[in-house]
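Note sheet for the following structure.
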Amino acid sequence: MKHPIRFLSLALIVSNTFSVVTGSFSNASTLTSLDLGGVWQVSASGSNDWFAATVPGCIHTDLLAAKRIPDPFYRDNEKRVQWISELGWTYRRTFQTGDEMLKHEHLLLHCEGLDTLATVLVNGVELGRADNMYRLWEFDVKKLLKPGTNSIEIRFDPVLPVIRTKESEQHLPTWQYSGAAYVRKMPCNFGWDWGPTLITCGIWRNIYLVAFDTARLDGVQILQDHSQSGTVKLTVQVSTEEKNQAGLNSRITVTTPDGKILNPIAAALAGGNATAELVIAHPKLWWPAGMGAQPLYTVRVELCDAQGKLLDATQKRIGLRTIKIVEQTDSEPMHFMVNGMPFFAKGANWIPADAFPTRSTKAQLRRYMADAVACNMNTLRFWGGGYYEDNKLFEACDELGICVWMDFKFACSTYPAYDTNFLTNVRQEAVEQVKRLRHHPSIGVWCGNNEIMFFRGGDTWQWIPREKIGQNESNLGKMSTPDYNRLFKDTLGGVMQSLAPQTAYVTGSPDCGDVHYWEVWHGGKPFEAYREIHGFISEFGFQSFPVPATVAAFTAPEDRTNVYSPAVKYHERSNRASVESPDDGQIGTDKIMKIVRMNFRAPKDFESTLWLSQINQAFGIEFAAEGWRREMPKSMGCVYWQYNDTWPGTSWSSVDYFGRWKALQFRARHFYSPVLVSGNFNAINGTVALWLTSDELKPVQGKLNWQVTDLAGKELGNGSLNVIQAAQKSSVVGSIDLGKLVQSQGATNLLVWLKFDGGGKLTSDNVVLLARPKELQLHDPQLSFTVSVSGTNYTITVHAAKPALWVWLNIPGVSARFSDNFVHVAPGVPMKFNVQLTKPMSRSELLETLQAKSLFSTYNQNSGNTIQIK
């Protein structure tokens with residue numbers, strides 16, 4: 001019999017017994033656990049060929065560790081591992097249980113993630129079955145376990161036969177893998193236009209035994225009331241799964257960000273529920289990055305029996321804040337408000353960090369979030385085609401101030417919302433995930449789905465079996481509005497209203513008034529088309545190739561001659577429906593090169609093509625971001641697609657699979673700067689409008705300096721302005737008349753250099769081009785650099801004799817983190833780069849390998865940059 005599903009605090013499962021370490025209780029909790037992770041065995045179902053497996057994990061990583069398959073990420077090896085998903089796989093292990101654990105009233109097998117169609121057996125007895133990768137499954141094993149050695153076996157059936165059968169009975173219209181929406185499994189497992197088709201199975205999250213007496217906690221909801229100035233009232237609602245146990249009490253303790261423990265509040269439970277209210281005076285508010293600090297309060301809840309014995313405990317870190325999403329109206333765009341203040345969302349879309357989720361570590365996820373903040377992002381959209389991310393990722397967002405747009409995991413497909421069993425399964429999934437995540441201050445909005453509105457049909461037609469549709473074949477291509485509403489408004493919206501009433505919920509993106517704009521990538525329009533779009537732009541983007549080191553990781557030397565080589569092209573997935581499907585018309589590589597040639601000159605070789613594609617990507621996204629930031633509040637969000645990669649390949653990402661920053665990530669630091677100086681050239685009257693855009697909560701005062709040079713670096717004009725910009729405003733603060741210079745020099749021979757100095761960190765610099773980069777007759781910038789060394793930290797100062805556009809440093813074969821890259825260097829204005837290496841190098845070793853390049857060096861010139869070392 002399956003036990004009711006419940007979530008537990010991770011703090012309770014790190015050892016077999018749990019002792020209270022805070023508060024006045026010293027009794028040991030009656031809740032104990034036994035971790036069943038670690039070394040297991042696995043075999044193809046029906047085979048007796050067992051080999052070692054690791055839990056949590058998946059069959060692909062186990063086969064890789066056993067050296068039974070090639071690396072799926074290398075060249076086209078993905079094709080050679082498709083057989084894995086056609087088979088069933090069985091995991092097994094033995095474990096020891098002692099008398100003490102067996103004496104408890106309740107003894108459950110707790111499975112936090114089974115991927116996906118699983119049958120669970122203990123000591124040869126079937127406990128039950130699972131059919132949802134996202135759900136927590138618990139099974140009562142009290143009568144099955146014995147002292148000493150016990151066995152567990154979990155059999156995973158392949159999902160493909162189920163998908164094929166259901167799809168043959170009724171087609172689900174989709175842009176992705178046909179029929180995949182019939183199973184509750186990570187959609188991008190089946191391939192996407194930026195990732196591989198690797199259909200996993202296995203025990204992908206923690207699994208353990210949990211034993212307890214009397215009762216345990218079911219959920220803790222923390223509501224906030226900010227209506228009274230100078231205080232925040234917390235309403236803590238506690239529930240247990242035991243509803244009829246008399247004499248249960250709860251005790252709530254709040255610890256402030258500076259470690260002060262506030263007076264505990266006790267509340268007796270009635271019918272398994274209790275409510276307590278606490279008032280926090282002089283609250284420290286939580287803010288998104290760039291708007292303030294991220295203080296976190298800890299709310300600890302203890303459950304005790306009538307004698308005061310501790311039964312269970314959990315704690316949640318919360319931020320005191322209000323966040324709401326203001327939906328689009330005729331007079332204003334959709335936007336976020338935090339603590340009553342609107343703010344411009346600056347960020348990107350997050351996808352799974354690995355095709356095999358268990359390979360992502362806490363350190364890696366933390367680095368991704370820290371890198372986002374380092375580039376002045378305040379928002380990430382957790383896209384709906386992946387999985388519900390781990391606690392450790394949300395904890396990093398809480399601590400660093402990332403405002404999360406959280407999609408439920410539905411994307412780019414219709415779903416069988418006509419099936420009551422499907423809806424019941426989804427409802428339980430949503431209940432568990434919302435309970436797990438609702439306390440995180442970083443989550444600003446939950447969203448029902450990604451882009452399913454495009455499949456929505458009329459209001460009258462209901463999903464019915466294919467054979468009953470008759471002649472109305474047009475119905476096969478639609479999901480009815482009633483079914484859409486049943487899933488995304490009634491089911492998911494109902495869960496949100498019940499379990500997280502203070503968190504914003506929208507049915508889908510772009511349902512709520514946000515904008516997905518893909519006419520540049522899919523439609524081939526120039527980057528100037530971005531200026532025709534306004535509002536909250538939550539998806540737009542352009543692809544680029546990875547850095548040479550990443551390309552080298554998935555190719556052989558003979559592949560690295562041309563971006564159209566089979567291996568390089570294979571790792572670009574746009575317009576490719578699956579691993580086996582042929583190219584569908586113009587492939588993504590064609591689209592990249594078309595727009596590269598629209599804006600830049602032809603690259604001179606393979607490596608230059610990689611770098612130039614990144615410069616082109618950054619050029620386009622920066623052009624869009626500057627325009628939308630300039631026109632706020634007409635536009636209030638710039639969330640580009642995409643932040644990261646799930647494997648090494650060509651994609652829209654700004655940070656590649658290995659965490660390497662592409663040009664876009666470096667430029668984001670500039671175009672997302674809290675204070676942004678930019679210029680807009682009007683070719684008709686020859687003027688450059690000078691804009692200052694500020695996200696600061698207070699007025700900004702400083703000096704804006706401008707200089708006009710020709711491409712040889714000769715100064716043709718300069719000036720400065722004393723500027724005061726109001727808080728959270730953007731406006732034209734000045735203008736430069738270049739009419740005569742354009743007539744005498746030509747727009748293709750002029751550069752406008754801008755710098756705003758607001759004192760300290762509030763600085764911004766920019767370059768205004770009066771023509772497309774390909775029209776500029778660039779000179780060899782004659783770059784030179786000096787190097788100083790301190791341990792593993794290096795300072796490199798780059799000088800340019802002539803204007804150098806998009807200057808970047810590179811150290812081939814060395815893992816390095818640069819403070820900046822792809823910057824514009826003016827003659828007489830050296831640029832400093834701080835570089836951190838994972839291993840120390842001598843100055844001479846560094847100088848032997850260090851490269852300084854610029855846009856000039858990517859072109860098909862007779863000579864590259866002249867590099868001088870000082």
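Chain lettering (A, B, ...) mirrors the order of the structure tokens, residue numbering begins at 1 for each chain separately, and ligand numbering begins at 1 in order of display.
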
Spatial neighbours of range 214-218 of chain A, 6 Å, only C-alpha atoms, chain gap at least 4 places, as a list of chain:residue names: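 These residues fall inside the cut-off: A:Arg6, A:Ser239, A:Thr240, A:Glu241, A:Glu242, A:Asp312.
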
Export, as a JSON list (two decimals), in the first residue's frame, the selected residues with C-alpha atoms.
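Dumped to out15.json:
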[["chain", "number", "residue", "atom", "x", "y", "z"],
["A", 6, "ARG", "CA", 5.12, 14.04, 2.04],
["A", 239, "SER", "CA", 0.03, 20.76, 9.06],
["A", 240, "THR", "CA", 0.75, 17.12, 9.82],
["A", 241, "GLU", "CA", -0.36, 14.04, 7.97],
["A", 242, "GLU", "CA", -1.83, 12.61, 11.17],
["A", 312, "ASP", "CA", 9.82, 16.17, 13.74]]

If you count only C-alpha atoms, which residues fall within 6 Å of Trp40 in chain A, apart from same-chain ones fewer than 6 positions away, as a PyMOL selection string? chain A and resi 52-54+92-93

Can you list, as a PyMOL selection string, every protein, DNA or RNA residue that comes within 12 Å of Tyr74 in chain A when you count only C-alpha atoms, leaving out same-chain residues fewer than 3 positions away? chain A and resi 69-71+77-81+196+550-556+559+567-568+570-571+647-649

Just asking: which residues within range 48-217 of chain A are helix (DSSP H, G or I) according to DSSP, as a ChimeraX atom specification? /A:59-65,77-86,99-102,159-169,180-182,187-189

Give me, as a PyMOL selection string, all polymer residues having an atom no more than 9 Å from Met841 in chain A, counting only C-alpha atoms and skipping those fewer than 3 positions away in the same chain. chain A and resi 789+791-792+837+844-846

Could you check which of A:Pro173, A:Ser43, A:Asp225, A:Glu86 is closest to Val159 in chain A, using only C-alpha atoms? A:Glu86

Output as JSON, numbers by chain all residues of range 208-343 of chain A that backbone DSSP marks as strand (DSSP E or B). {"A": [208, 209, 210, 211, 212, 217, 218, 219, 220, 221, 222, 223, 224, 225, 231, 232, 233, 234, 235, 236, 237, 238, 239, 240, 249, 250, 251, 252, 253, 254, 255, 261, 265, 266, 267, 268, 270, 273, 274, 275, 276, 277, 278, 279, 280, 281, 285, 297, 298, 299, 300, 301, 302, 303, 304, 310, 311, 312, 313, 314, 315, 316, 317, 318, 320, 323, 324, 325, 326, 335, 336, 337, 338, 341, 342, 343]}
